[in-house]
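A short worksheet on the structure shown next.
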Amino acid sequence: FPRQNESISRSFIVVTDGYVNVEKEAFDLIRNNCDNANTFAFGIGSSVNRFLIEGMARAGMSEPFIVLNSSNADAEAEKFRQYVNNPVLTQVKKEFSGFDVYDVEPVSIPDVLAERPVIVFGKYQGEGKGTITIKGKTGNGNYKKTFTVSDVKPDSKNSAIRYLWARKRIQQLSDYNSISYDNDAIAEVTNLGLKYNLMTDYTSFIAIEEKPVNEG
């Protein structure tokens with residue numbers, strides 16, 4: 001659907017019990033078009049397909065909304081209203097220049113809401129220099145902000161970012177692999193779990209006590 005006004009935030013709200021067979025297609029459509037429209041998933045009914053609703057929310061970088069019965073419908077609707085009430089920036093684009101960036105998530109960025117900032121995870125190789133630019137449209141016109149990479153120095157306090165990236169990647173692969181069993185996806189999830197010491201569907205933690213408890 002074409003936009004009638006480029007500066008207006010546009011959202012699609014999917015209300016469903018989730019019992020369809022197009023999970024992968026839905027995830028792909030949402031994930032690749034976050035910068036064209038927001039997608040919010042409402043699961044309605046006592047037996048909601050949470051996998052689809054929560055997967056759609058993750059693909060669209062939003063929160064899942066589940067209404068199991070009429071008694072909590074009003075509260076969930078109000079929660080949604082507050083969540084989307086203040087759009088700040090739409091048609092958000094990211095640009096990297098002057099350094100070698102790869103494995104960036106998400107593929108496309110949804111609208112910036114007061115309750116949802118811009119969050120982009122990625123890796124780079126080589127020297128940490130160059131720029132990162134965020135562009136978009138506000139109610140008052142075009143927006144552009146450029147960050148100089150060399151202004152930010154590596155800090156051990158930010159070490160958790162690498163794990164957040166890995167969790168995001170594992171989450172995405174797991175959603176797709178739950179639909180269609182893929183050995184390559186399993187291998188990648190397993191390798192990520194081992195490399196970043198994260199528990200996944202295919203890796204776990206083992207506790208090893210070096211001192212015997214019943215010595216003697």
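If you're wondering about the labels, chains in the structure tokens are A, B, ... by order shown, residues count from 1 in each chain, ligands from 1 in order shown.
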
Requested in this report: Find the spatial neighbours of Ala185 in chain A, counting only C-alpha atoms, within a cut-off of 12 Å - ignore same-chain residues fewer than 6 positions away - and output them as a list in words.
Outcome: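 Returned residues: Arg169, Ile170, Gln171, Gln172, Leu173, Ser174, Asp175, Tyr176, Asn177, Ser178, Ile179, Asn191, Leu192, Asp201 and Tyr202 of chain A.
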
Those residues with all heavy atoms, as a compact mmCIF listing (two decimals), in the first residue's frame please?
# COMPACT_ATOMS: atom_id res chain seq x y z
N ARG A 169 20.68 -12.52 16.99
CA ARG A 169 20.89 -13.40 15.85
C ARG A 169 20.34 -14.80 16.14
O ARG A 169 19.67 -15.40 15.30
CB ARG A 169 22.39 -13.47 15.55
CG ARG A 169 22.76 -14.36 14.38
CD ARG A 169 22.20 -13.85 13.07
NE ARG A 169 22.59 -14.70 11.96
CZ ARG A 169 21.96 -14.73 10.79
NH1 ARG A 169 20.91 -13.95 10.59
NH2 ARG A 169 22.36 -15.53 9.83
N ILE A 170 20.58 -15.31 17.33
CA ILE A 170 20.08 -16.64 17.72
C ILE A 170 18.56 -16.64 17.72
O ILE A 170 17.92 -17.59 17.24
CB ILE A 170 20.63 -17.04 19.11
CG1 ILE A 170 22.12 -17.36 19.01
CG2 ILE A 170 19.86 -18.23 19.68
CD1 ILE A 170 22.80 -17.52 20.35
N GLN A 171 17.97 -15.58 18.24
CA GLN A 171 16.52 -15.47 18.30
C GLN A 171 15.91 -15.52 16.91
O GLN A 171 14.92 -16.24 16.66
CB GLN A 171 16.16 -14.15 18.98
CG GLN A 171 14.69 -13.92 19.22
CD GLN A 171 14.45 -12.56 19.85
OE1 GLN A 171 14.59 -11.53 19.21
NE2 GLN A 171 14.13 -12.56 21.13
N GLN A 172 16.50 -14.79 15.98
CA GLN A 172 15.99 -14.76 14.62
C GLN A 172 16.11 -16.14 13.96
O GLN A 172 15.16 -16.64 13.35
CB GLN A 172 16.75 -13.73 13.81
CG GLN A 172 16.38 -13.72 12.33
CD GLN A 172 17.44 -13.06 11.48
OE1 GLN A 172 18.07 -12.10 11.91
NE2 GLN A 172 17.66 -13.57 10.29
N LEU A 173 17.28 -16.76 14.06
CA LEU A 173 17.49 -18.08 13.48
C LEU A 173 16.54 -19.12 14.08
O LEU A 173 16.01 -19.98 13.37
CB LEU A 173 18.94 -18.52 13.68
CG LEU A 173 20.00 -17.77 12.85
CD1 LEU A 173 21.39 -18.07 13.39
CD2 LEU A 173 19.90 -18.14 11.39
N SER A 174 16.32 -19.03 15.39
CA SER A 174 15.47 -20.00 16.07
C SER A 174 14.02 -19.87 15.63
O SER A 174 13.31 -20.87 15.48
CB SER A 174 15.58 -19.82 17.59
OG SER A 174 16.91 -20.10 18.02
N ASP A 175 13.56 -18.62 15.42
CA ASP A 175 12.19 -18.42 14.95
C ASP A 175 11.99 -19.09 13.59
O ASP A 175 10.99 -19.79 13.36
CB ASP A 175 11.88 -16.92 14.83
CG ASP A 175 11.56 -16.29 16.17
OD1 ASP A 175 11.28 -17.04 17.12
OD2 ASP A 175 11.59 -15.05 16.26
N TYR A 176 12.93 -18.90 12.69
CA TYR A 176 12.81 -19.49 11.36
C TYR A 176 12.97 -21.01 11.42
O TYR A 176 12.27 -21.75 10.72
CB TYR A 176 13.84 -18.89 10.41
CG TYR A 176 13.45 -17.55 9.84
CD1 TYR A 176 13.84 -16.37 10.47
CD2 TYR A 176 12.69 -17.46 8.69
CE1 TYR A 176 13.47 -15.13 9.94
CE2 TYR A 176 12.33 -16.23 8.15
CZ TYR A 176 12.72 -15.07 8.79
OH TYR A 176 12.36 -13.85 8.26
N ASN A 177 13.88 -21.49 12.25
CA ASN A 177 14.14 -22.92 12.31
C ASN A 177 12.97 -23.68 12.94
O ASN A 177 12.80 -24.86 12.70
CB ASN A 177 15.43 -23.21 13.09
CG ASN A 177 16.00 -24.56 12.74
OD1 ASN A 177 16.22 -24.86 11.56
ND2 ASN A 177 16.24 -25.39 13.74
N SER A 178 12.18 -23.00 13.76
CA SER A 178 11.00 -23.63 14.34
C SER A 178 9.94 -23.91 13.29
O SER A 178 9.09 -24.78 13.45
CB SER A 178 10.41 -22.74 15.44
OG SER A 178 11.33 -22.60 16.51
N ILE A 179 10.01 -23.15 12.19
CA ILE A 179 9.06 -23.35 11.09
C ILE A 179 9.54 -24.46 10.16
O ILE A 179 8.80 -25.35 9.78
CB ILE A 179 8.91 -22.04 10.28
CG1 ILE A 179 8.45 -20.91 11.18
CG2 ILE A 179 7.93 -22.24 9.14
CD1 ILE A 179 8.60 -19.55 10.54
N ASN A 191 27.04 -22.88 17.05
CA ASN A 191 28.33 -22.19 17.07
C ASN A 191 28.25 -20.87 17.82
O ASN A 191 29.17 -20.50 18.58
CB ASN A 191 28.83 -21.95 15.65
CG ASN A 191 29.26 -23.24 14.96
OD1 ASN A 191 29.64 -24.20 15.62
ND2 ASN A 191 29.18 -23.27 13.64
N LEU A 192 27.13 -20.14 17.63
CA LEU A 192 26.96 -18.89 18.36
C LEU A 192 26.85 -19.13 19.86
O LEU A 192 27.42 -18.40 20.67
CB LEU A 192 25.71 -18.16 17.85
CG LEU A 192 25.81 -17.50 16.48
CD1 LEU A 192 24.44 -17.07 15.98
CD2 LEU A 192 26.74 -16.30 16.52
N ASP A 201 18.73 -23.63 21.98
CA ASP A 201 18.00 -24.90 21.85
C ASP A 201 18.95 -26.08 21.70
O ASP A 201 18.54 -27.23 21.90
CB ASP A 201 17.07 -24.85 20.63
CG ASP A 201 15.90 -23.91 20.83
OD1 ASP A 201 15.60 -23.58 22.00
OD2 ASP A 201 15.29 -23.49 19.83
N TYR A 202 20.21 -25.80 21.34
CA TYR A 202 21.14 -26.88 21.04
C TYR A 202 22.39 -26.85 21.91
O TYR A 202 23.29 -27.66 21.74
CB TYR A 202 21.55 -26.82 19.56
CG TYR A 202 20.36 -26.61 18.65
CD1 TYR A 202 20.12 -25.37 18.04
CD2 TYR A 202 19.43 -27.63 18.44
CE1 TYR A 202 19.00 -25.17 17.25
CE2 TYR A 202 18.32 -27.43 17.65
CZ TYR A 202 18.11 -26.21 17.06
OH TYR A 202 17.00 -26.00 16.28

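With only C-alpha atoms taken into account, the protein and nucleic acid residues at most 10 Å from range 149-165 of chain A (excluding it and anything under 5 positions from it in its own chain) are Phe96, Ser97, Gly98, Phe99, Asp103, Val104, Glu105, Val120, Phe121, Gly122, Lys123, Glu127, Gly128, Lys129, Gly130, Thr131, Ile132, Ile170, Gln171, Leu192, Gly193, Lys195, Tyr196, Asn197 and Leu198 of chain A.
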
Query - Shell around Pro117 in chain A at 12 Å using only C-alpha atoms, local window under 3 positions removed, as number ranges by chain - result: A: 61-62, 83, 86-90, 92, 109-114, 120

Generate a file of the selected residues that holds all heavy atoms, formatted as a compact mmCIF listing (two decimals), in the first residue's frame.
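Written output follows (result.txt):
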# COMPACT_ATOMS: atom_id res chain seq x y z
N MET A 61 10.27 -5.73 15.74
CA MET A 61 10.89 -5.03 16.86
C MET A 61 9.85 -4.30 17.71
O MET A 61 10.01 -3.13 18.09
CB MET A 61 11.97 -4.07 16.37
CG MET A 61 13.11 -4.75 15.64
SD MET A 61 14.49 -3.65 15.27
CE MET A 61 15.14 -3.37 16.92
N SER A 62 8.76 -4.99 18.00
CA SER A 62 7.71 -4.42 18.84
C SER A 62 7.41 -5.39 19.98
O SER A 62 8.13 -6.37 20.18
CB SER A 62 6.45 -4.16 18.00
OG SER A 62 5.90 -5.38 17.52
N TYR A 83 1.71 2.61 23.88
CA TYR A 83 2.94 2.20 23.18
C TYR A 83 3.12 2.95 21.87
O TYR A 83 4.23 3.36 21.51
CB TYR A 83 2.91 0.69 22.94
CG TYR A 83 4.19 0.10 22.41
CD1 TYR A 83 5.25 -0.20 23.25
CD2 TYR A 83 4.34 -0.17 21.06
CE1 TYR A 83 6.43 -0.74 22.76
CE2 TYR A 83 5.52 -0.71 20.56
CZ TYR A 83 6.56 -0.99 21.42
OH TYR A 83 7.74 -1.53 20.93
N ASN A 86 3.00 8.05 20.57
CA ASN A 86 3.89 9.16 20.25
C ASN A 86 4.96 8.77 19.23
O ASN A 86 6.13 8.56 19.59
CB ASN A 86 4.55 9.67 21.53
CG ASN A 86 3.55 10.26 22.51
OD1 ASN A 86 2.91 11.26 22.21
ND2 ASN A 86 3.42 9.64 23.66
N PRO A 87 4.60 8.68 17.95
CA PRO A 87 5.62 8.42 16.93
C PRO A 87 6.52 9.65 16.76
O PRO A 87 6.04 10.79 16.77
CB PRO A 87 4.80 8.15 15.66
CG PRO A 87 3.50 8.85 15.89
CD PRO A 87 3.25 8.78 17.37
N VAL A 88 7.82 9.41 16.63
CA VAL A 88 8.79 10.50 16.57
C VAL A 88 9.44 10.60 15.18
O VAL A 88 9.64 11.69 14.68
CB VAL A 88 9.88 10.30 17.64
CG1 VAL A 88 10.95 11.39 17.54
CG2 VAL A 88 9.27 10.27 19.04
N LEU A 89 9.75 9.45 14.60
CA LEU A 89 10.48 9.42 13.34
C LEU A 89 10.00 8.25 12.51
O LEU A 89 9.83 7.14 13.03
CB LEU A 89 11.99 9.29 13.62
CG LEU A 89 12.97 9.53 12.48
CD1 LEU A 89 12.94 11.01 12.06
CD2 LEU A 89 14.38 9.14 12.92
N THR A 90 9.77 8.48 11.22
CA THR A 90 9.31 7.41 10.34
C THR A 90 10.24 7.29 9.13
O THR A 90 11.08 8.15 8.89
CB THR A 90 7.86 7.68 9.86
OG1 THR A 90 7.37 6.53 9.16
CG2 THR A 90 7.78 8.89 8.95
N VAL A 92 12.80 5.29 8.65
CA VAL A 92 14.15 5.38 9.20
C VAL A 92 15.12 4.55 8.36
O VAL A 92 14.86 3.39 8.06
CB VAL A 92 14.18 4.91 10.66
CG1 VAL A 92 15.56 5.11 11.27
CG2 VAL A 92 13.11 5.63 11.48
N ILE A 109 14.64 -0.75 9.90
CA ILE A 109 14.35 -0.14 11.19
C ILE A 109 12.91 0.36 11.23
O ILE A 109 12.49 1.12 10.34
CB ILE A 109 15.30 1.04 11.47
CG1 ILE A 109 16.76 0.56 11.43
CG2 ILE A 109 15.00 1.69 12.81
CD1 ILE A 109 17.77 1.69 11.55
N PRO A 110 12.14 -0.02 12.24
CA PRO A 110 10.76 0.48 12.34
C PRO A 110 10.74 1.92 12.82
O PRO A 110 11.78 2.50 13.18
CB PRO A 110 10.14 -0.46 13.39
CG PRO A 110 11.29 -0.86 14.25
CD PRO A 110 12.47 -0.95 13.32
N ASP A 111 9.57 2.53 12.84
CA ASP A 111 9.43 3.91 13.30
C ASP A 111 9.93 4.06 14.74
O ASP A 111 9.82 3.14 15.56
CB ASP A 111 7.97 4.34 13.24
CG ASP A 111 7.48 4.56 11.81
OD1 ASP A 111 8.30 4.39 10.88
OD2 ASP A 111 6.30 4.86 11.64
N VAL A 112 10.49 5.23 15.01
CA VAL A 112 10.90 5.54 16.37
C VAL A 112 9.67 6.03 17.13
O VAL A 112 8.99 6.97 16.70
CB VAL A 112 11.99 6.63 16.38
CG1 VAL A 112 12.41 6.95 17.81
CG2 VAL A 112 13.19 6.19 15.56
N LEU A 113 9.37 5.37 18.23
CA LEU A 113 8.28 5.77 19.11
C LEU A 113 8.87 6.25 20.42
O LEU A 113 10.01 5.94 20.75
CB LEU A 113 7.33 4.59 19.36
CG LEU A 113 6.80 3.85 18.12
CD1 LEU A 113 6.00 2.64 18.55
CD2 LEU A 113 5.95 4.78 17.26
N ALA A 114 8.10 7.00 21.18
CA ALA A 114 8.57 7.43 22.49
C ALA A 114 8.93 6.24 23.35
O ALA A 114 9.81 6.31 24.21
CB ALA A 114 7.51 8.29 23.17
N VAL A 120 20.37 -0.71 16.80
CA VAL A 120 21.02 -1.41 15.70
C VAL A 120 22.24 -2.13 16.24
O VAL A 120 23.08 -1.53 16.92
CB VAL A 120 21.44 -0.44 14.57
CG1 VAL A 120 22.17 -1.19 13.47
CG2 VAL A 120 20.23 0.29 14.01

Determine which residues of chain A receive a DSSP assignment of strand (DSSP E), computed from the backbone, and state them as a short mmCIF file (atom, residue, chain, number, x, y, z; two decimals) with N, CA, C and O atoms, in the first residue's frame.
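part.cif written:
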data_model
loop_
_atom_site.label_atom_id
_atom_site.label_comp_id
_atom_site.auth_asym_id
_atom_site.auth_seq_id
_atom_site.Cartn_x
_atom_site.Cartn_y
_atom_site.Cartn_z
N SER A 11 1.04 2.23 10.38
CA SER A 11 1.08 0.97 11.11
C SER A 11 0.02 0.00 10.60
O SER A 11 -1.08 0.41 10.22
N PHE A 12 0.39 -1.29 10.60
CA PHE A 12 -0.56 -2.36 10.35
C PHE A 12 -0.72 -3.14 11.65
O PHE A 12 0.27 -3.53 12.27
N ILE A 13 -1.96 -3.35 12.04
CA ILE A 13 -2.25 -4.10 13.26
C ILE A 13 -2.92 -5.41 12.85
O ILE A 13 -4.00 -5.41 12.27
N VAL A 14 -2.24 -6.50 13.13
CA VAL A 14 -2.74 -7.83 12.76
C VAL A 14 -3.44 -8.44 13.96
O VAL A 14 -2.82 -8.69 15.00
N VAL A 15 -4.73 -8.67 13.83
CA VAL A 15 -5.52 -9.27 14.91
C VAL A 15 -5.91 -10.68 14.47
O VAL A 15 -6.61 -10.86 13.48
N THR A 16 -5.43 -11.68 15.19
CA THR A 16 -5.63 -13.06 14.74
C THR A 16 -5.45 -14.03 15.90
O THR A 16 -4.84 -13.69 16.92
N ASN A 38 5.04 0.04 10.34
CA ASN A 38 5.11 -0.71 11.58
C ASN A 38 4.10 -1.85 11.53
O ASN A 38 3.04 -1.73 10.92
N THR A 39 4.44 -2.94 12.18
CA THR A 39 3.51 -4.05 12.29
C THR A 39 3.37 -4.43 13.75
O THR A 39 4.37 -4.63 14.45
N PHE A 40 2.13 -4.51 14.21
CA PHE A 40 1.86 -4.91 15.58
C PHE A 40 0.91 -6.12 15.54
O PHE A 40 -0.05 -6.14 14.78
N ALA A 41 1.22 -7.11 16.35
CA ALA A 41 0.46 -8.35 16.34
C ALA A 41 -0.36 -8.48 17.62
O ALA A 41 0.19 -8.42 18.73
N PHE A 42 -1.67 -8.64 17.46
CA PHE A 42 -2.58 -8.89 18.56
C PHE A 42 -3.05 -10.33 18.47
O PHE A 42 -3.67 -10.73 17.48
N GLY A 43 -2.75 -11.13 19.48
CA GLY A 43 -3.27 -12.48 19.53
C GLY A 43 -4.57 -12.48 20.32
O GLY A 43 -4.61 -12.02 21.46
N ILE A 44 -5.62 -12.98 19.70
CA ILE A 44 -6.95 -12.97 20.32
C ILE A 44 -7.47 -14.40 20.45
O ILE A 44 -7.42 -15.17 19.50
N PHE A 65 1.14 -8.48 21.86
CA PHE A 65 -0.05 -8.19 22.65
C PHE A 65 -0.97 -9.41 22.58
O PHE A 65 -1.40 -9.81 21.49
N ILE A 66 -1.26 -9.98 23.74
CA ILE A 66 -2.06 -11.21 23.81
C ILE A 66 -3.31 -10.95 24.63
O ILE A 66 -3.24 -10.48 25.77
N VAL A 67 -4.45 -11.24 24.05
CA VAL A 67 -5.73 -11.12 24.75
C VAL A 67 -6.38 -12.49 24.78
O VAL A 67 -6.89 -12.97 23.77
N PRO A 87 4.60 8.68 17.95
CA PRO A 87 5.62 8.42 16.93
C PRO A 87 6.52 9.65 16.76
O PRO A 87 6.04 10.79 16.77
N VAL A 88 7.82 9.41 16.63
CA VAL A 88 8.79 10.50 16.57
C VAL A 88 9.44 10.60 15.18
O VAL A 88 9.64 11.69 14.68
N LEU A 89 9.75 9.45 14.60
CA LEU A 89 10.48 9.42 13.34
C LEU A 89 10.00 8.25 12.51
O LEU A 89 9.83 7.14 13.03
N THR A 90 9.77 8.48 11.22
CA THR A 90 9.31 7.41 10.34
C THR A 90 10.24 7.29 9.13
O THR A 90 11.08 8.15 8.89
N GLN A 91 10.09 6.19 8.39
CA GLN A 91 10.95 5.88 7.24
C GLN A 91 12.43 5.98 7.61
O GLN A 91 13.21 6.68 6.96
N VAL A 92 12.80 5.29 8.65
CA VAL A 92 14.15 5.38 9.20
C VAL A 92 15.12 4.55 8.36
O VAL A 92 14.86 3.39 8.06
N LYS A 93 16.25 5.15 7.98
CA LYS A 93 17.28 4.47 7.22
C LYS A 93 18.61 4.61 7.96
O LYS A 93 18.88 5.62 8.61
N LYS A 94 19.46 3.60 7.83
CA LYS A 94 20.79 3.63 8.42
C LYS A 94 21.83 3.57 7.32
O LYS A 94 21.65 2.86 6.32
N GLU A 95 22.92 4.30 7.48
CA GLU A 95 24.01 4.29 6.50
C GLU A 95 25.34 4.21 7.24
O GLU A 95 25.55 4.92 8.22
N PHE A 96 26.24 3.35 6.74
CA PHE A 96 27.58 3.22 7.30
C PHE A 96 28.57 3.65 6.23
O PHE A 96 28.47 3.25 5.08
N SER A 97 29.55 4.45 6.62
CA SER A 97 30.51 4.96 5.65
C SER A 97 31.90 5.01 6.27
O SER A 97 32.06 5.42 7.43
N ASP A 100 34.32 -1.03 7.57
CA ASP A 100 33.78 -2.29 7.05
C ASP A 100 32.80 -2.90 8.06
O ASP A 100 33.21 -3.49 9.05
N VAL A 101 31.51 -2.73 7.79
CA VAL A 101 30.44 -3.20 8.70
C VAL A 101 29.79 -4.44 8.12
O VAL A 101 29.57 -4.54 6.91
N TYR A 102 29.46 -5.39 8.98
CA TYR A 102 28.77 -6.61 8.52
C TYR A 102 27.90 -7.18 9.65
O TYR A 102 27.97 -6.73 10.80
N ASP A 103 27.08 -8.16 9.31
CA ASP A 103 26.18 -8.83 10.27
C ASP A 103 25.35 -7.82 11.06
O ASP A 103 25.21 -7.90 12.29
N VAL A 104 24.74 -6.87 10.34
CA VAL A 104 23.95 -5.83 11.00
C VAL A 104 22.51 -6.31 11.19
O VAL A 104 21.89 -6.85 10.29
N GLU A 105 21.99 -6.12 12.38
CA GLU A 105 20.60 -6.39 12.70
C GLU A 105 19.99 -5.15 13.33
O GLU A 105 20.67 -4.48 14.13
N VAL A 112 10.49 5.23 15.01
CA VAL A 112 10.90 5.54 16.37
C VAL A 112 9.67 6.03 17.13
O VAL A 112 8.99 6.97 16.70
N LEU A 113 9.37 5.37 18.23
CA LEU A 113 8.28 5.77 19.11
C LEU A 113 8.87 6.25 20.42
O LEU A 113 10.01 5.94 20.75
N PHE A 121 22.34 -3.43 15.97
CA PHE A 121 23.49 -4.23 16.35
C PHE A 121 24.30 -4.57 15.11
O PHE A 121 23.72 -4.83 14.05
N GLY A 122 25.61 -4.60 15.24
CA GLY A 122 26.42 -5.00 14.10
C GLY A 122 27.86 -5.20 14.50
O GLY A 122 28.26 -4.98 15.65
N LYS A 123 28.64 -5.64 13.54
CA LYS A 123 30.08 -5.85 13.74
C LYS A 123 30.84 -5.05 12.70
O LYS A 123 30.30 -4.68 11.65
N TYR A 124 32.11 -4.78 12.99
CA TYR A 124 32.97 -4.18 11.98
C TYR A 124 34.35 -4.81 12.08
O TYR A 124 34.72 -5.37 13.11
N GLN A 125 35.08 -4.76 11.00
CA GLN A 125 36.44 -5.25 10.99
C GLN A 125 37.37 -4.16 10.46
O GLN A 125 36.96 -3.30 9.69
N THR A 131 31.65 6.91 9.67
CA THR A 131 30.44 7.51 10.23
C THR A 131 29.26 6.55 10.16
O THR A 131 29.22 5.63 9.35
N ILE A 132 28.31 6.80 11.04
CA ILE A 132 27.01 6.12 11.03
C ILE A 132 25.96 7.22 10.94
O ILE A 132 25.95 8.15 11.74
N THR A 133 25.09 7.13 9.94
CA THR A 133 24.07 8.15 9.72
C THR A 133 22.67 7.54 9.84
O THR A 133 22.41 6.48 9.28
N ILE A 134 21.82 8.22 10.57
CA ILE A 134 20.42 7.84 10.69
C ILE A 134 19.59 8.92 10.02
O ILE A 134 19.74 10.11 10.31
N LYS A 135 18.74 8.51 9.07
CA LYS A 135 17.86 9.44 8.37
C LYS A 135 16.40 9.04 8.59
O LYS A 135 16.10 7.88 8.85
N GLY A 136 15.53 10.01 8.45
CA GLY A 136 14.11 9.71 8.57
C GLY A 136 13.29 10.96 8.33
O GLY A 136 13.81 12.01 7.93
N LYS A 137 12.00 10.84 8.61
CA LYS A 137 11.08 11.96 8.43
C LYS A 137 10.30 12.20 9.71
O LYS A 137 9.79 11.25 10.32
N THR A 138 10.25 13.46 10.10
CA THR A 138 9.45 13.85 11.25
C THR A 138 8.22 14.60 10.75
O THR A 138 8.07 14.84 9.54
N GLY A 141 9.48 17.63 8.85
CA GLY A 141 10.36 17.53 7.70
C GLY A 141 11.41 16.45 7.85
O GLY A 141 11.27 15.53 8.67
N ASN A 142 12.47 16.55 7.06
CA ASN A 142 13.51 15.53 7.05
C ASN A 142 14.38 15.61 8.29
O ASN A 142 14.60 16.69 8.86
N TYR A 143 14.89 14.44 8.70
CA TYR A 143 15.79 14.36 9.85
C TYR A 143 17.04 13.62 9.43
O TYR A 143 16.98 12.64 8.68
N LYS A 144 18.20 14.09 9.91
CA LYS A 144 19.46 13.42 9.62
C LYS A 144 20.42 13.65 10.77
O LYS A 144 20.61 14.77 11.22
N LYS A 145 21.01 12.58 11.25
CA LYS A 145 21.97 12.67 12.34
C LYS A 145 23.15 11.77 12.02
O LYS A 145 22.97 10.58 11.74
N THR A 146 24.37 12.33 12.04
CA THR A 146 25.57 11.55 11.73
C THR A 146 26.46 11.45 12.97
O THR A 146 26.70 12.44 13.66
N PHE A 147 26.91 10.23 13.25
CA PHE A 147 27.79 9.97 14.38
C PHE A 147 29.18 9.59 13.85
O PHE A 147 29.29 8.77 12.94
N THR A 148 30.20 10.19 14.41
CA THR A 148 31.58 9.88 14.02
C THR A 148 32.08 8.73 14.89
O THR A 148 32.15 8.85 16.11
#

Query raised in the report: For Ala187 in chain A, which of A:Thr200, A:Lys24, A:Val48, A:Lys79 is the closest residue, counting only C-alpha atoms?
Result: A:Thr200

Requested in this report: Extract the full set of alpha helix (DSSP H) residues from range 50-117 of chain A according to DSSP on the backbone, and format it as an MDAnalysis selection string.
Outcome: chainID A and resid 50:59 73:84

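For the residues A:Gly55, A:Pro212, A:Pro106, A:Pro64, ranking by smallest atom-to-atom distance to Val22 in chain A using only C-alpha atoms places A:Gly55 first.
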
Query raised in the report: How far is it from CA of Gly139 in chain A to CA of Ala77 in chain A, in Å with one decimal?
Result: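 That distance, rounded to one decimal, is 25.2 Å.
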
Contacts of Tyr19 in chain A within 12 Å, only C-alpha atoms, excl. fewer than 5 positions in-chain, as a PDB file with N, CA and C atoms, in the first residue's frame:
ATOM      1  N   GLY A  43      -2.753 -11.126  19.479  1.00  0.00           N
ATOM      2  CA  GLY A  43      -3.268 -12.477  19.535  1.00  0.00           C
ATOM      3  C   GLY A  43      -4.571 -12.483  20.320  1.00  0.00           C
ATOM      4  N   ILE A  44      -5.623 -12.981  19.700  1.00  0.00           N
ATOM      5  CA  ILE A  44      -6.949 -12.974  20.316  1.00  0.00           C
ATOM      6  C   ILE A  44      -7.465 -14.400  20.449  1.00  0.00           C
ATOM      7  N   GLY A  45      -7.931 -14.756  21.642  1.00  0.00           N
ATOM      8  CA  GLY A  45      -8.542 -16.068  21.828  1.00  0.00           C
ATOM      9  C   GLY A  45      -7.887 -16.850  22.942  1.00  0.00           C
ATOM     10  N   SER A  47      -6.753 -19.863  22.871  1.00  0.00           N
ATOM     11  CA  SER A  47      -5.688 -20.779  22.432  1.00  0.00           C
ATOM     12  C   SER A  47      -4.847 -20.115  21.343  1.00  0.00           C
ATOM     13  N   VAL A  48      -4.277 -18.983  21.680  1.00  0.00           N
ATOM     14  CA  VAL A  48      -3.518 -18.199  20.705  1.00  0.00           C
ATOM     15  C   VAL A  48      -2.222 -18.921  20.321  1.00  0.00           C
ATOM     16  N   ASN A  49      -1.889 -18.840  19.042  1.00  0.00           N
ATOM     17  CA  ASN A  49      -0.602 -19.340  18.558  1.00  0.00           C
ATOM     18  C   ASN A  49       0.474 -18.322  18.949  1.00  0.00           C
ATOM     19  N   ARG A  50       1.013 -18.478  20.140  1.00  0.00           N
ATOM     20  CA  ARG A  50       1.976 -17.510  20.664  1.00  0.00           C
ATOM     21  C   ARG A  50       3.247 -17.464  19.817  1.00  0.00           C
ATOM     22  N   PHE A  51       3.615 -18.586  19.232  1.00  0.00           N
ATOM     23  CA  PHE A  51       4.822 -18.604  18.414  1.00  0.00           C
ATOM     24  C   PHE A  51       4.731 -17.587  17.283  1.00  0.00           C
ATOM     25  N   LEU A  52       3.596 -17.553  16.597  1.00  0.00           N
ATOM     26  CA  LEU A  52       3.425 -16.619  15.486  1.00  0.00           C
ATOM     27  C   LEU A  52       3.352 -15.183  15.996  1.00  0.00           C
ATOM     28  N   ILE A  53       2.545 -14.927  17.020  1.00  0.00           N
ATOM     29  CA  ILE A  53       2.360 -13.573  17.524  1.00  0.00           C
ATOM     30  C   ILE A  53       3.676 -13.011  18.051  1.00  0.00           C
TER      31      ILE A  53
END
